[in-house]
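Shown next, in structure tokens, is the structure this report addresses.
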Amino acid sequence: MGEYHGAGTNSMRDLPSVDAMLNRMGQQVAQYGHVQVTNTLRDALTAIRSELLSGVSYENLESVLRQRVCSTLALDNGVSLRPVLNLTGTVIHTNLGRAALAEPALAAVVRCASGASNLEYDLAAGERGDRDTHVEPLIQALSGAEAATFVNNNAAAVLLVLNTLARNAEVPVSRGELVEIGGSFRIPEVMERSGVKLVEVGATNRTHLKDYEGALTANTAALMKVHTSNYRIEGFTHAVREIDLAGLAHEHNIPLVVDLGSGSLVDMSAYGLPSEPTVAEIIEAGADVVTFSGDKLLGGPQCGIIAGKRELIDRIRANPLKRALRLDKMTLAALAETLKLYLNPDQLAERLPALRFLTRSVADIEAMARQMLPAVQNSLGPEYRVTVEDCQSQIGSGALPVETIPSCALVVRACSGKDSVLRALAKALRDLEVPVLGRIHDGCMVLDLRCLERKEALLEQLAMLNDTTR
Ligand SMILES: *Cc1c(COP(=O)(O)O)cnc(C)c1O
């Protein structure tokens, strides 16, 4: 098999025509369609023609052509977005799709997406309804907010809030909170695109209430506080609490907007995790509008949630940009079911995958690692040495950036100590049908098992590593 360069002699005349090949490739035509096979054939013929002109020759032109067309068709029609095993130790990993959805949320997506639904139809009144009404009462119940509206992600939430409440006006923000989130979301840039003039106040490490006070002008439309979700300023620091900022804002009849980033609807310390501010606490402290993500700690689908005072939420919802940023039915269905799980906090850690992963005990993870060790060592072969070692997981997605959670990993080293051998393993793991993603650290491949719930899911993949990768 393969292509033989310079072995035979052939000329343009030996190249089959598109029509002749189409007749001989009936199976491919049935599978991929006439148009696609024809176009792929044309491209392959053009390429081969120019190779022949440059002096290359092939043993069997037709078989070379057929092989190329088949592999191009398979590539073009392959599934690009697919499941992977997240053994990176970062539980809510933005590059790996963030939160895994709970069973009821998945079921709701299928139910609502496979047919018509009452997305914007009020069944009780028999008239047009609003899509937000399917989720708004849940956010009201879980956060104490008067009202809520929903958009594509938290970045969109910040954009829409600022554009509605502060377009062509000024918003003071502490210099310690001019956050950049991975993937190029930067508070100053989003503010600019929202049509808002950012007024920087305070210093990187210390901002006081009087700094905000000094920045207030007749053109100040809101005060804004941004949760420093993916970094922490330590040492000689001071930030103004929401409750004090709210007091100042209300004295001047302007709203306080808080971008909470991850946010949480429950106190994480109740589950033995480091605590993040809850949405209810921030609302209670007097914030008028709070924005947060649906797929970070909340554990739901990608979306941005805007909760706060009824009058402000109504204005935000009436912004024409809301139409461009609104949620689709699948996301709304998944979000509603995710939020319902929070109504029963006793079972949340079991039912919500993100929280289930985060609260798994080290003992449980270590027991799994030890059970798997012999099979994993066997699949990887003698070139690698596998051990069970302690490691640290991270929550990810900018939640609790400094704290880590003790975990346990299968740690793989190349016996030769060669980096290239370890990199070859990393590549082979990525090439598996369900790619296995670990983290390379200090000359080892660390496979943190915190997010692995079924050991067979990994063992089945490793068993497919073929001999050439050993
Ligand atoms: C993550 C984050 C965002 C962006 O949220 P997305 O849901 O990723 O769009 C904005 N602000 C803060 C503080 C964040 O942590």
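Residue numbering restarts at 1 in every chain; chains get A, B, ... in the order shown in the structure tokens, and ligands count up from 1 in that same order.
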Can you check which residues of stretch 301-407 of chain A DSSP gives as alpha helix (DSSP H) on the backbone and send them as a ChimeraX atom specification?
/A:310-318,321-325,329-342,345-351,353-358,362-380
Quick one: everything within 8 Å of A:Arg351, counting only C-alpha atoms, minus sequence neighbours fewer than 3 positions away in the same chain. Send it as a VMD selection string.
chain A and resid 102 to 103 341 347 to 348 356
Run DSSP on the backbone of this structure and report the residues of stretch 25-192 of chain A it assigns to strand (DSSP E), as number ranges by chain.
A: 85-86, 121-122, 127-128, 147-151, 170-174, 180-181, 185-186
Write out, as an mmCIF file, in the first residue's frame, the residues just selected, with N, CA, C and O atoms.
```cif
data_model
loop_
_atom_site.group_PDB
_atom_site.id
_atom_site.type_symbol
_atom_site.label_atom_id
_atom_site.label_comp_id
_atom_site.auth_asym_id
_atom_site.auth_seq_id
_atom_site.Cartn_x
_atom_site.Cartn_y
_atom_site.Cartn_z
ATOM 1 N N LEU A 85 -11.401 12.596 27.549
ATOM 2 C CA LEU A 85 -11.306 12.343 28.990
ATOM 3 C C LEU A 85 -10.455 13.447 29.602
ATOM 4 O O LEU A 85 -9.282 13.596 29.252
ATOM 5 N N ASN A 86 -11.051 14.200 30.496
ATOM 6 C CA ASN A 86 -10.344 15.308 31.133
ATOM 7 C C ASN A 86 -9.616 14.805 32.377
ATOM 8 O O ASN A 86 -10.203 14.696 33.450
ATOM 9 N N TYR A 121 -44.277 30.963 24.306
ATOM 10 C CA TYR A 121 -45.733 30.889 24.239
ATOM 11 C C TYR A 121 -46.267 30.651 25.639
ATOM 12 O O TYR A 121 -45.869 29.702 26.314
ATOM 13 N N ASP A 122 -47.131 31.527 26.079
ATOM 14 C CA ASP A 122 -47.717 31.437 27.412
ATOM 15 C C ASP A 122 -48.927 30.508 27.334
ATOM 16 O O ASP A 122 -49.988 30.886 26.838
ATOM 17 N N GLU A 127 -51.244 33.088 24.673
ATOM 18 C CA GLU A 127 -50.664 34.160 23.853
ATOM 19 C C GLU A 127 -49.137 34.128 23.908
ATOM 20 O O GLU A 127 -48.552 33.316 24.635
ATOM 21 N N ARG A 128 -48.527 35.044 23.161
ATOM 22 C CA ARG A 128 -47.072 35.126 23.106
ATOM 23 C C ARG A 128 -46.499 35.291 24.510
ATOM 24 O O ARG A 128 -47.037 36.031 25.325
ATOM 25 N N ALA A 147 -35.510 40.122 39.899
ATOM 26 C CA ALA A 147 -35.732 39.741 38.502
ATOM 27 C C ALA A 147 -34.436 39.222 37.910
ATOM 28 O O ALA A 147 -33.353 39.413 38.488
ATOM 29 N N ALA A 148 -34.543 38.576 36.751
ATOM 30 C CA ALA A 148 -33.332 38.078 36.089
ATOM 31 C C ALA A 148 -33.573 37.949 34.597
ATOM 32 O O ALA A 148 -34.712 37.757 34.150
ATOM 33 N N THR A 149 -32.486 38.084 33.840
ATOM 34 C CA THR A 149 -32.568 37.836 32.404
ATOM 35 C C THR A 149 -31.305 37.085 31.989
ATOM 36 O O THR A 149 -30.356 36.987 32.771
ATOM 37 N N PHE A 150 -31.305 36.527 30.772
ATOM 38 C CA PHE A 150 -30.300 35.527 30.426
ATOM 39 C C PHE A 150 -29.737 35.761 29.027
ATOM 40 O O PHE A 150 -30.491 36.042 28.092
ATOM 41 N N VAL A 151 -28.431 35.634 28.907
ATOM 42 C CA VAL A 151 -27.764 35.813 27.611
ATOM 43 C C VAL A 151 -26.719 34.713 27.406
ATOM 44 O O VAL A 151 -26.580 33.814 28.241
ATOM 45 N N GLU A 170 -19.956 57.579 32.355
ATOM 46 C CA GLU A 170 -18.749 57.095 33.034
ATOM 47 C C GLU A 170 -19.067 56.035 34.076
ATOM 48 O O GLU A 170 -20.093 56.094 34.738
ATOM 49 N N VAL A 171 -18.148 55.074 34.199
ATOM 50 C CA VAL A 171 -18.266 54.065 35.250
ATOM 51 C C VAL A 171 -16.897 53.887 35.915
ATOM 52 O O VAL A 171 -15.947 53.444 35.268
ATOM 53 N N PRO A 172 -16.773 54.240 37.174
ATOM 54 C CA PRO A 172 -15.513 54.023 37.882
ATOM 55 C C PRO A 172 -15.315 52.546 38.238
ATOM 56 O O PRO A 172 -16.255 51.875 38.664
ATOM 57 N N VAL A 173 -14.072 52.055 38.011
ATOM 58 C CA VAL A 173 -13.709 50.684 38.397
ATOM 59 C C VAL A 173 -12.325 50.745 39.043
ATOM 60 O O VAL A 173 -11.457 51.492 38.586
ATOM 61 N N SER A 174 -12.123 49.946 40.063
ATOM 62 C CA SER A 174 -10.825 49.914 40.751
ATOM 63 C C SER A 174 -9.726 49.397 39.825
ATOM 64 O O SER A 174 -9.941 48.448 39.059
ATOM 65 N N GLU A 180 -8.414 40.487 33.034
ATOM 66 C CA GLU A 180 -8.448 39.803 31.739
ATOM 67 C C GLU A 180 -8.742 38.334 32.000
ATOM 68 O O GLU A 180 -8.078 37.691 32.799
ATOM 69 N N ILE A 181 -9.785 37.830 31.328
ATOM 70 C CA ILE A 181 -10.112 36.413 31.412
ATOM 71 C C ILE A 181 -9.507 35.764 30.175
ATOM 72 O O ILE A 181 -9.457 36.386 29.125
ATOM 73 N N PHE A 185 -11.145 38.261 26.929
ATOM 74 C CA PHE A 185 -12.148 39.110 27.559
ATOM 75 C C PHE A 185 -11.410 40.017 28.537
ATOM 76 O O PHE A 185 -10.806 39.556 29.491
ATOM 77 N N ARG A 186 -11.423 41.313 28.284
ATOM 78 C CA ARG A 186 -10.796 42.273 29.186
ATOM 79 C C ARG A 186 -11.809 43.318 29.559
ATOM 80 O O ARG A 186 -12.435 43.926 28.685
#
```
Choose the residue, out of A:Val69, A:Ala145, A:Val266, A:Ala157, that has the smallest atom-to-atom separation from A:Asn344; count only C-alpha atoms.
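Among the listed residues, the smallest separation from A:Asn344 belongs to A:Val266.
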Selection within 9 Å of ligand 1 by only C-alpha atoms and all ligand atoms, output as an MDAnalysis selection string:
chainID A and resid 94 152:158 177 179:183 185:187 226:230 258:263 291:296 302:305 397:399
Considering only C-alpha atoms, state which residue in the set A:Gln461, A:Thr46, A:Gln140, A:Thr204 is at the smallest distance from A:Arg232.
A:Thr204
Please compute the atom CA of A:Leu165-atom CA of A:Ala334 distance, one decimal, in Å.
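Distance reported for this atom pair: 28.8 Å.
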Test item: residues at most 10 Å from A:Glu213, only C-alpha atoms, excluding those fewer than 3 positions along its chain, as a list of chain:residue names:
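So the residues in contact are A:Pro172, A:Val201, A:His208, A:Leu209, A:Lys210, A:Leu216, A:Thr217, A:Leu245, A:Leu248, A:Ala249, A:His252.
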